[in-house]
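**Student:** Contents of data-v1.pdb (PDB, C-alpha atoms) are given next:
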```pdb
ATOM      1  CA  MET A   1     -41.192  50.566  -6.794  1.00  0.00           C
ATOM      2  CA  PRO A   2     -41.404  48.901 -10.278  1.00  0.00           C
ATOM      3  CA  ARG A   3     -38.742  49.943 -12.737  1.00  0.00           C
ATOM      4  CA  GLY A   4     -40.707  49.508 -15.960  1.00  0.00           C
ATOM      5  CA  ARG A   5     -39.872  47.544 -19.070  1.00  0.00           C
ATOM      6  CA  LYS A   6     -36.448  47.334 -20.591  1.00  0.00           C
ATOM      7  CA  LYS A   7     -36.444  48.949 -24.046  1.00  0.00           C
ATOM      8  CA  ASP A   8     -35.553  46.893 -27.086  1.00  0.00           C
ATOM      9  CA  MET A   9     -32.425  48.511 -28.464  1.00  0.00           C
ATOM     10  CA  ARG A  10     -32.286  46.473 -31.695  1.00  0.00           C
ATOM     11  CA  THR A  11     -32.738  48.163 -35.065  1.00  0.00           C
ATOM     12  CA  SER A  12     -35.705  47.412 -37.279  1.00  0.00           C
ATOM     13  CA  GLN A  13     -33.419  45.424 -39.584  1.00  0.00           C
ATOM     14  CA  GLU A  14     -32.209  43.275 -36.688  1.00  0.00           C
ATOM     15  CA  LYS A  15     -35.793  42.683 -35.564  1.00  0.00           C
ATOM     16  CA  LEU A  16     -36.750  41.657 -39.106  1.00  0.00           C
ATOM     17  CA  THR A  17     -33.793  39.287 -39.350  1.00  0.00           C
ATOM     18  CA  ASP A  18     -34.714  37.707 -36.025  1.00  0.00           C
ATOM     19  CA  LEU A  19     -38.337  37.350 -37.124  1.00  0.00           C
ATOM     20  CA  ILE A  20     -37.350  35.687 -40.405  1.00  0.00           C
ATOM     21  CA  SER A  21     -35.125  33.270 -38.500  1.00  0.00           C
ATOM     22  CA  GLU A  22     -37.956  32.408 -36.126  1.00  0.00           C
ATOM     23  CA  ILE A  23     -40.346  31.812 -39.054  1.00  0.00           C
ATOM     24  CA  GLU A  24     -37.824  29.465 -40.685  1.00  0.00           C
ATOM     25  CA  ARG A  25     -37.348  27.597 -37.415  1.00  0.00           C
ATOM     26  CA  GLN A  26     -41.103  27.192 -36.948  1.00  0.00           C
ATOM     27  CA  GLU A  27     -41.545  26.020 -40.557  1.00  0.00           C
ATOM     28  CA  ALA A  28     -38.870  23.361 -40.038  1.00  0.00           C
ATOM     29  CA  LEU A  29     -40.630  22.230 -36.861  1.00  0.00           C
ATOM     30  CA  LEU A  30     -43.964  22.078 -38.698  1.00  0.00           C
ATOM     31  CA  LYS A  31     -42.406  19.993 -41.470  1.00  0.00           C
ATOM     32  CA  GLU A  32     -41.008  17.561 -38.892  1.00  0.00           C
ATOM     33  CA  LEU A  33     -44.391  17.308 -37.149  1.00  0.00           C
ATOM     34  CA  ARG A  34     -46.128  16.579 -40.453  1.00  0.00           C
ATOM     35  CA  THR A  35     -43.594  13.839 -41.162  1.00  0.00           C
ATOM     36  CA  GLN A  36     -44.270  12.321 -37.749  1.00  0.00           C
ATOM     37  CA  ARG A  37     -48.019  12.502 -38.371  1.00  0.00           C
ATOM     38  CA  LYS A  38     -47.693  10.639 -41.681  1.00  0.00           C
ATOM     39  CA  ALA A  39     -45.585   7.945 -40.040  1.00  0.00           C
ATOM     40  CA  LEU A  40     -48.150   7.475 -37.262  1.00  0.00           C
ATOM     41  CA  GLU A  41     -51.041   7.363 -39.724  1.00  0.00           C
ATOM     42  CA  LYS A  42     -49.189   4.683 -41.714  1.00  0.00           C
ATOM     43  CA  ALA A  43     -48.527   2.693 -38.534  1.00  0.00           C
ATOM     44  CA  ILE A  44     -52.224   2.849 -37.586  1.00  0.00           C
ATOM     45  CA  GLU A  45     -53.225   1.691 -41.069  1.00  0.00           C
ATOM     46  CA  ASP A  46     -50.767  -1.207 -40.887  1.00  0.00           C
ATOM     47  CA  GLU A  47     -52.120  -2.223 -37.473  1.00  0.00           C
ATOM     48  CA  LYS A  48     -55.672  -2.254 -38.835  1.00  0.00           C
ATOM     49  CA  LYS A  49     -54.611  -4.400 -41.798  1.00  0.00           C
ATOM     50  CA  GLU A  50     -52.832  -6.811 -39.475  1.00  0.00           C
ATOM     51  CA  ALA A  51     -55.886  -7.070 -37.209  1.00  0.00           C
ATOM     52  CA  LEU A  52     -58.127  -7.746 -40.216  1.00  0.00           C
ATOM     53  CA  PHE A  53     -55.778 -10.404 -41.523  1.00  0.00           C
ATOM     54  CA  ARG A  54     -55.674 -12.128 -38.115  1.00  0.00           C
ATOM     55  CA  LYS A  55     -59.490 -12.176 -37.974  1.00  0.00           C
ATOM     56  CA  VAL A  56     -59.625 -13.701 -41.456  1.00  0.00           C
ATOM     57  CA  GLU A  57     -57.146 -16.385 -40.385  1.00  0.00           C
ATOM     58  CA  ALA A  58     -59.074 -17.036 -37.169  1.00  0.00           C
ATOM     59  CA  SER A  59     -62.345 -17.466 -39.069  1.00  0.00           C
ATOM     60  CA  GLY A  60     -60.986 -20.478 -40.940  1.00  0.00           C
ATOM     61  CA  LYS A  61     -62.314 -19.203 -44.254  1.00  0.00           C
ATOM     62  CA  THR A  62     -60.232 -18.357 -47.273  1.00  0.00           C
ATOM     63  CA  ILE A  63     -59.974 -14.842 -48.567  1.00  0.00           C
ATOM     64  CA  GLU A  64     -61.893 -15.889 -51.677  1.00  0.00           C
ATOM     65  CA  GLU A  65     -64.779 -17.200 -49.554  1.00  0.00           C
ATOM     66  CA  LEU A  66     -64.932 -13.954 -47.597  1.00  0.00           C
ATOM     67  CA  LEU A  67     -64.792 -11.839 -50.741  1.00  0.00           C
ATOM     68  CA  SER A  68     -67.590 -13.833 -52.393  1.00  0.00           C
ATOM     69  CA  SER A  69     -69.787 -13.318 -49.326  1.00  0.00           C
ATOM     70  CA  LEU A  70     -69.422  -9.559 -49.632  1.00  0.00           C
TER      71      LEU A  70
END
```
Go ahead and render the structure in this file as structure tokens.

**Tutor:**
Amino acid sequence: MPRGRKKDMRTSQEKLTDLISEIERQEALLKELRTQRKALEKAIEDEKKEALFRKVEASGKTIEELLSSL
């Protein structure tokens, strides 16, 4: 036969302290994830620039010629 749930014997102050700690931990994780996102976005942008530069080089035209044709 099931025994039921174990009661939480912590005080309200202890629960609040634990909750605040968890919020701080999650905020730190979110900050780290945002930093990782910015780094990946920068890497993607750099890859696109590199690909564009390689295409310009492969075309045999100078940058000035390409800019004047735009």

**Student:** One decimal, Å: what's the distance from atom CA of A:Leu52 over to atom CA of A:Thr35, could you say?

**Tutor:**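 Value for the atom CA of A:Leu52-atom CA of A:Thr35 distance: 26.0 Å.
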
**Student:** Determine the axis-aligned bounding box of all atoms of stretch 47-59 of chain A present in the file, pad each side by 5 Å, and express its centre and edge lengths in Å to one decimal place as JSON.

**Tutor:**
```
{"center_x": -57.2, "center_y": -9.8, "center_z": -39.5, "size_x": 20.2, "size_y": 25.2, "size_z": 14.6}
```

**Student:** What is the distance, in Å and to one decimal place, between atom CA of A:Arg54 and atom CA of A:Lys38?

**Tutor:** 24.4 Å

**Student:** Distance atom CA of A:Glu32-atom CA of A:Glu47, one decimal place?

**Tutor:** 22.7 Å
